[in-house]
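K.L.:
Structure: structure11.cif, mmCIF, C-alpha atoms.
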```cif
data_model
loop_
_atom_site.label_atom_id
_atom_site.label_comp_id
_atom_site.auth_asym_id
_atom_site.auth_seq_id
_atom_site.Cartn_x
_atom_site.Cartn_y
_atom_site.Cartn_z
CA MET A 123 -157.66 23.53 -130.94
CA GLY A 124 -157.82 26.92 -129.34
CA TYR A 125 -160.79 29.22 -129.49
CA ILE A 126 -161.53 30.53 -132.99
CA SER A 127 -163.49 33.77 -132.85
CA PRO A 128 -166.58 33.74 -135.07
CA ASP A 129 -166.81 37.54 -135.11
CA PRO A 130 -164.97 38.09 -138.43
CA HIS A 131 -167.29 35.56 -140.08
CA ILE A 132 -170.62 36.88 -138.83
CA SER A 133 -172.57 38.33 -141.74
CA SER A 134 -173.46 42.01 -141.79
CA GLN A 135 -176.16 41.29 -144.36
CA PHE A 136 -177.95 38.23 -142.96
CA TYR A 137 -179.23 37.53 -139.45
CA THR A 138 -177.16 35.42 -137.06
CA PHE A 139 -178.63 33.79 -133.97
CA ASN A 140 -176.83 34.14 -130.66
CA ALA A 141 -177.78 32.09 -127.60
CA GLU A 142 -180.24 34.70 -126.35
CA SER A 143 -182.06 35.33 -129.63
CA HIS A 144 -182.13 31.59 -130.39
CA SER A 145 -183.81 30.87 -127.06
CA LEU A 146 -186.20 33.79 -127.47
CA MET A 147 -187.24 32.66 -130.94
CA ILE A 148 -188.03 29.16 -129.67
CA ARG A 149 -190.14 30.60 -126.85
CA CYS A 150 -192.04 32.88 -129.21
CA ILE A 151 -192.82 30.07 -131.65
CA SER A 152 -193.78 27.65 -128.86
CA GLU A 153 -196.03 30.27 -127.25
CA GLN A 154 -197.39 31.41 -130.63
CA ARG A 155 -196.57 35.06 -130.06
CA LEU A 156 -194.21 37.76 -131.22
CA ALA A 157 -191.38 38.98 -129.05
CA THR A 158 -191.83 42.31 -127.37
CA PRO A 159 -189.58 45.21 -128.41
CA ALA A 160 -187.87 44.99 -125.02
CA GLU A 161 -187.14 41.27 -125.49
CA ILE A 162 -185.77 41.90 -128.97
CA ARG A 163 -183.48 44.66 -127.70
CA ALA A 164 -182.16 42.45 -124.90
CA ALA A 165 -181.40 39.50 -127.20
CA THR A 166 -180.11 41.31 -130.29
CA PRO A 167 -176.69 42.93 -130.79
CA ARG A 168 -176.78 46.70 -131.19
CA SER A 169 -175.25 46.50 -134.67
CA VAL A 170 -178.17 44.35 -135.84
CA LEU A 171 -180.71 46.68 -134.24
CA LYS A 172 -179.07 49.62 -136.01
CA SER A 173 -179.29 47.75 -139.32
CA TRP A 174 -182.96 46.95 -138.79
CA ARG A 175 -183.68 50.56 -137.93
CA ALA A 176 -181.98 51.67 -141.15
CA VAL A 177 -183.99 49.21 -143.26
CA TRP A 178 -187.32 50.12 -141.70
CA LYS A 179 -186.62 53.83 -141.38
CA ASP A 180 -190.21 54.71 -142.30
CA ARG A 181 -191.45 53.17 -139.04
CA ASN A 182 -190.83 53.97 -135.40
CA GLU A 183 -188.10 52.12 -133.57
CA ASP A 184 -190.24 49.46 -131.86
CA THR A 185 -192.21 48.72 -135.04
CA ALA A 186 -188.99 48.38 -137.04
CA TYR A 187 -187.67 45.74 -134.63
CA LEU A 188 -190.98 43.88 -134.56
CA THR A 189 -191.21 43.87 -138.35
CA ALA A 190 -187.71 42.46 -138.78
CA TRP A 191 -188.23 39.84 -136.07
CA LYS A 192 -191.59 38.73 -137.51
CA ARG A 193 -190.12 38.29 -140.99
CA ILE A 194 -187.67 35.77 -139.54
CA GLN A 195 -190.13 34.07 -137.19
CA ASP A 196 -192.67 33.48 -139.97
CA LYS A 197 -190.17 31.24 -141.78
CA LEU A 198 -189.34 29.02 -138.82
CA ILE A 199 -190.71 26.26 -136.62
CA ALA A 200 -189.48 24.94 -133.29
CA HIS A 201 -188.82 21.25 -132.69
CA VAL A 202 -188.53 19.52 -129.32
CA ASP A 203 -186.62 16.25 -129.07
CA PRO A 204 -188.99 13.83 -127.29
CA ILE A 205 -186.09 11.97 -125.68
CA SER A 206 -183.67 14.67 -124.55
CA GLY A 207 -186.11 17.55 -124.40
CA ASN A 208 -183.66 19.71 -126.35
CA GLU A 209 -185.25 22.41 -128.47
CA PHE A 210 -184.25 23.27 -132.03
CA LEU A 211 -185.14 25.72 -134.78
CA CYS A 212 -185.55 24.88 -138.45
CA PHE A 213 -187.21 26.21 -141.59
CA LYS A 214 -190.88 25.35 -142.08
CA ASN A 215 -190.04 23.82 -145.47
CA ASN A 216 -186.99 21.90 -144.24
CA SER A 217 -187.20 20.18 -140.88
CA ASN A 218 -184.10 18.04 -141.53
CA GLN A 219 -181.57 20.74 -140.70
CA PHE A 220 -181.47 22.72 -137.47
CA PHE A 221 -180.20 26.22 -136.75
CA SER A 222 -177.37 26.60 -134.28
CA HIS A 223 -176.43 29.79 -132.49
CA VAL A 224 -173.00 31.33 -132.71
CA SER A 225 -171.83 29.94 -129.35
CA GLN A 226 -172.32 26.39 -130.68
CA TRP A 227 -170.50 26.77 -133.97
CA GLN A 228 -166.98 25.66 -133.06
CA GLU A 229 -168.11 22.65 -131.02
CA ILE A 230 -170.38 21.48 -133.84
CA ILE A 231 -167.62 21.85 -136.43
CA MET A 232 -165.08 19.88 -134.44
CA ASN A 233 -167.59 17.15 -133.60
CA PHE A 234 -168.28 16.62 -137.30
CA HIS A 235 -164.65 17.08 -138.35
CA SER A 236 -163.84 13.50 -137.36
CA ASP A 237 -165.66 10.30 -138.30
CA ALA A 238 -166.68 7.27 -136.22
CA ASP A 239 -163.07 6.04 -136.29
CA LEU A 240 -161.83 9.43 -135.01
CA LYS A 241 -160.20 10.08 -138.39
CA HIS A 242 -160.12 13.79 -139.18
CA LEU A 243 -161.79 14.79 -142.44
CA GLY A 244 -161.09 17.45 -145.02
CA LEU A 245 -163.03 20.69 -145.39
CA LYS A 246 -165.49 19.45 -148.01
CA GLU A 247 -166.33 16.28 -146.10
CA THR A 248 -166.67 18.20 -142.83
CA ILE A 249 -169.15 20.60 -144.42
CA GLU A 250 -171.18 17.77 -145.94
CA ARG A 251 -171.38 15.96 -142.61
CA ILE A 252 -172.48 19.13 -140.81
CA LYS A 253 -175.19 19.71 -143.42
CA GLN A 254 -176.75 16.38 -142.51
CA VAL A 255 -177.85 17.91 -139.20
CA TRP A 256 -177.13 21.65 -139.08
CA THR A 257 -177.80 24.47 -141.53
CA VAL A 258 -174.72 25.89 -143.24
CA GLY A 259 -174.51 29.33 -144.84
CA ALA A 260 -175.08 32.81 -143.44
CA LYS A 261 -177.90 33.40 -145.93
CA PHE A 262 -179.89 30.66 -144.19
CA TYR A 263 -179.08 31.66 -140.59
CA GLY A 264 -176.52 28.84 -140.57
CA ILE A 265 -172.84 28.35 -139.84
CA PRO A 266 -170.74 30.35 -142.35
CA GLU A 267 -168.54 28.18 -144.55
CA SER A 268 -165.70 30.63 -143.99
CA TYR A 269 -165.82 29.88 -140.26
CA ILE A 270 -165.83 26.13 -140.90
CA ARG A 271 -162.78 26.63 -143.11
CA ALA A 272 -161.01 28.60 -140.39
CA CYS A 273 -161.68 25.93 -137.75
CA VAL A 274 -160.57 23.05 -139.97
CA ALA A 275 -157.43 24.95 -140.98
CA SER A 276 -156.60 25.47 -137.29
CA CYS A 277 -157.01 21.81 -136.31
CA HIS A 278 -153.84 20.79 -134.46
CA VAL A 279 -154.28 17.11 -135.32
CA CYS A 280 -154.56 17.79 -139.05
CA ASN A 281 -151.65 20.22 -139.04
CA ALA A 282 -149.42 17.80 -137.15
CA SER A 283 -150.39 14.96 -139.46
CA SER A 284 -149.80 16.94 -142.64
CA GLY A 285 -146.46 18.16 -141.34
CA SER A 286 -145.13 14.70 -140.52
CA THR A 287 -146.51 12.78 -143.49
CA SER A 288 -146.65 15.35 -146.29
CA LYS A 289 -144.10 13.51 -148.41
CA SER A 290 -145.73 10.12 -148.03
CA LYS A 291 -149.15 11.60 -148.80
CA ARG A 292 -147.74 13.20 -151.92
CA ARG A 293 -146.36 9.90 -153.13
CA ARG A 294 -149.68 8.18 -152.39
CA PHE A 295 -151.73 10.71 -154.36
CA GLU A 296 -149.38 10.61 -157.33
CA HIS A 297 -149.62 6.83 -157.65
CA THR A 298 -151.45 5.81 -160.84
CA ASP A 299 -151.92 2.45 -162.51
CA SER A 300 -153.18 1.97 -166.09
CA PHE A 301 -154.93 -1.04 -167.59
CA ASP A 302 -156.00 -1.87 -171.16
CA VAL A 303 -159.25 -3.66 -170.58
CA PRO A 304 -161.78 -4.90 -173.18
CA ALA A 305 -165.21 -3.45 -172.44
CA LYS A 306 -166.77 -6.78 -171.54
CA GLU A 307 -164.10 -7.42 -168.88
CA VAL A 308 -164.36 -4.02 -167.16
CA PRO A 309 -166.90 -5.03 -164.44
CA HIS A 310 -164.77 -8.02 -163.44
CA LYS A 311 -161.57 -5.93 -163.40
CA LEU A 312 -163.20 -3.31 -161.19
CA GLN A 313 -164.35 -6.00 -158.77
CA GLN A 314 -160.79 -7.34 -158.61
CA LEU A 315 -159.35 -3.88 -157.86
CA ALA A 316 -161.98 -3.12 -155.23
CA ALA A 317 -161.40 -6.47 -153.50
CA LYS A 318 -157.60 -6.15 -153.68
CA HIS A 319 -157.48 -2.65 -152.16
CA LYS A 320 -160.62 -3.01 -150.01
CA VAL A 321 -162.14 0.18 -151.41
CA VAL A 322 -165.05 1.38 -153.50
CA LEU A 323 -164.02 2.68 -156.91
CA CYS A 324 -165.87 5.73 -158.20
CA ILE A 325 -165.67 7.52 -161.55
CA ARG A 326 -163.90 10.88 -161.12
CA GLN A 327 -163.56 11.79 -164.80
CA LYS A 328 -164.75 10.44 -168.14
CA TYR A 329 -163.79 11.42 -171.69
CA ILE A 330 -163.10 10.02 -175.17
CA ARG A 331 -159.53 9.45 -176.34
CA TYR A 332 -159.10 9.39 -180.12
CA LYS A 333 -155.40 8.74 -180.72
CA PRO A 334 -153.64 6.37 -181.19
CA PHE A 335 -156.95 4.51 -181.00
CA MET A 336 -160.49 5.43 -180.11
CA ALA A 337 -161.27 4.59 -176.50
CA GLU A 338 -163.52 5.70 -173.70
CA VAL A 339 -161.29 6.72 -170.82
CA LYS A 340 -162.55 6.60 -167.26
CA ASP A 341 -160.55 7.82 -164.29
CA TYR A 342 -161.44 5.74 -161.22
CA ALA A 343 -160.35 6.63 -157.70
CA CYS A 344 -160.97 4.97 -154.38
CA HIS A 345 -162.35 7.07 -151.57
CA ARG A 346 -161.55 6.96 -147.89
CA ALA A 347 -163.40 9.68 -145.92
CA GLY A 348 -163.85 11.46 -149.23
CA GLU A 349 -160.14 11.82 -150.00
CA PRO A 350 -158.63 9.78 -152.85
CA ALA A 351 -156.01 7.44 -151.44
CA SER A 352 -154.95 6.15 -154.86
CA LYS A 353 -156.02 6.49 -158.46
CA LYS A 354 -156.71 3.80 -161.08
CA TRP A 355 -157.07 4.34 -164.80
CA VAL A 356 -159.27 1.97 -166.79
CA TRP A 357 -159.11 2.08 -170.57
CA VAL A 358 -162.33 0.78 -172.11
CA TRP A 359 -162.09 -0.25 -175.73
CA ILE A 360 -164.92 0.85 -178.05
#
```
Kindly return the structure encoded in the file as structure tokens.
P.N.:
Amino acid sequence: MGYISPDPHISSQFYTFNAESHSLMIRCISEQRLATPAEIRAATPRSVLKSWRAVWKDRNEDTAYLTAWKRIQDKLIAHVDPISGNEFLCFKNNSNQFFSHVSQWQEIIMNFHSDADLKHLGLKETIERIKQVWTVGAKFYGIPESYIRACVASCHVCNASSGSTSKSKRRRFEHTDSFDVPAKEVPHKLQQLAAKHKVVLCIRQKYIRYKPFMAEVKDYACHRAGEPASKKWVWVWI
């Protein structure tokens, strides 16, 4: 994949960390101090400084920058990995997700876009995997979902795969089997299907069917990397 510019996806409303401001914030938290106005100017894009100045127009320039910076710093803590020594930022009330800076976004996305078997995942699964480690969403100083979408859509491997196997994938997704199964035999039937196809069957949809007979209808689908590879219908008699 070529370089995907994050610029169109950087929020004009919420703060985005770049490498310099990310490093400065970690230093300030570790040293238990606020950044100086000069440090803030050096690490912050001019467009952000202009926005801060507009918000805090009742204060002088330096005080406006310090106020905006402090409001962000008060929400965060710094974490140091005891093994690698790498430093991370996270919210005080959520230490399970770290903040990345804009220069890290594309590398993070592509690292989480494939699983342990190097199989490339869809957008939803990629986002969920990223969320296990990194914060997502501009509102939370995280990676914008729109940028994740742009990177996944530009993946050469996925595009090549979809281009060469689109017809076979379409046939696979359209495949549906139906079974009339008495309620007491449903658990055994599901075990048979799971063992036969070597998958885990999950309920995707559930509703009541009244005609020609009353039945509880459950739509089961197997999941591989979050994408349904086939669909099974199970009719449960009531």
K.L.:
Restricting the calculation to all atoms listed in the file: of A:Ala200, A:Ile231, A:Ala141, A:Ala186, which residue gets closest to Glu153 in chain A?
P.N.:
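Smallest distance to Glu153 in chain A is found for A:Ala200.
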K.L.:
Take the PyMOL selection byres ((chain A and resi 255) around 7), run it mentally on this structure, and tell me the resulting residues as number ranges by chain.
P.N.:
A: 218-220, 252-254, 256-257
K.L.:
Quick one: which residues end up in the PyMOL selection byres ((chain A and resi 206-212) around 9) for this structure, as a list in words?
P.N.:
His144, Ser145, Met147, Ile148, Lys197, Leu198, Ile199, Ala200, His201, Val202, Asp203, Pro204, Ile205, Phe213, Lys214, Asn215, Asn216, Ser217, Asn218, Gln219, Phe220, Phe221, Ser222 and Thr257 of chain A
K.L.:
Those residues with C-alpha atoms, as a short mmCIF file (atom, residue, chain, number, x, y, z; two decimals), in the frame of the given file please?
P.N.:
```cif
data_model
loop_
_atom_site.label_atom_id
_atom_site.label_comp_id
_atom_site.auth_asym_id
_atom_site.auth_seq_id
_atom_site.Cartn_x
_atom_site.Cartn_y
_atom_site.Cartn_z
CA HIS A 144 -182.13 31.59 -130.39
CA SER A 145 -183.81 30.87 -127.06
CA MET A 147 -187.24 32.66 -130.94
CA ILE A 148 -188.03 29.16 -129.67
CA LYS A 197 -190.17 31.24 -141.78
CA LEU A 198 -189.34 29.02 -138.82
CA ILE A 199 -190.71 26.26 -136.62
CA ALA A 200 -189.48 24.94 -133.29
CA HIS A 201 -188.82 21.25 -132.69
CA VAL A 202 -188.53 19.52 -129.32
CA ASP A 203 -186.62 16.25 -129.07
CA PRO A 204 -188.99 13.83 -127.29
CA ILE A 205 -186.09 11.97 -125.68
CA PHE A 213 -187.21 26.21 -141.59
CA LYS A 214 -190.88 25.35 -142.08
CA ASN A 215 -190.04 23.82 -145.47
CA ASN A 216 -186.99 21.90 -144.24
CA SER A 217 -187.20 20.18 -140.88
CA ASN A 218 -184.10 18.04 -141.53
CA GLN A 219 -181.57 20.74 -140.70
CA PHE A 220 -181.47 22.72 -137.47
CA PHE A 221 -180.20 26.22 -136.75
CA SER A 222 -177.37 26.60 -134.28
CA THR A 257 -177.80 24.47 -141.53
#
```
K.L.:
Using the chain letters and numbers from this file, what does the PyMOL selection byres ((chain A and resi 164) around 12) select? Give the answer as a list in words.
P.N.:
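Output of the PyMOL selection byres ((chain A and resi 164) around 12): Asn140, Ala141, Glu142, Ser143, Ser145, Leu146, Ala157, Thr158, Pro159, Ala160, Glu161, Ile162, Arg163, Ala165, Thr166, Pro167, Arg168, Val170, Leu171 and Tyr187 of chain A.
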K.L.:
Can you tell me, as a count of residues only, what residues are no more than 10 Å from Ser236 in chain A when counting only C-alpha atoms, ignoring any on the same chain fewer than 5 positions away?
P.N.:
9
K.L.:
List as a ChimeraX atom specification the protein and nucleic acid residues near Pro266 in chain A, meaning an atom at most 9 Å away when only C-alpha atoms are counted, but skip any in the same chain fewer than 5 places from it.
P.N.:
/A:131-133,258-261,271
K.L.:
State, in Å with one decimal place, the distance from CA of Asp302 in chain A to CA of Val321 in chain A.
P.N.:
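Spanning CA of Asp302 in chain A to CA of Val321 in chain A is a straight-line distance of 20.8 Å.
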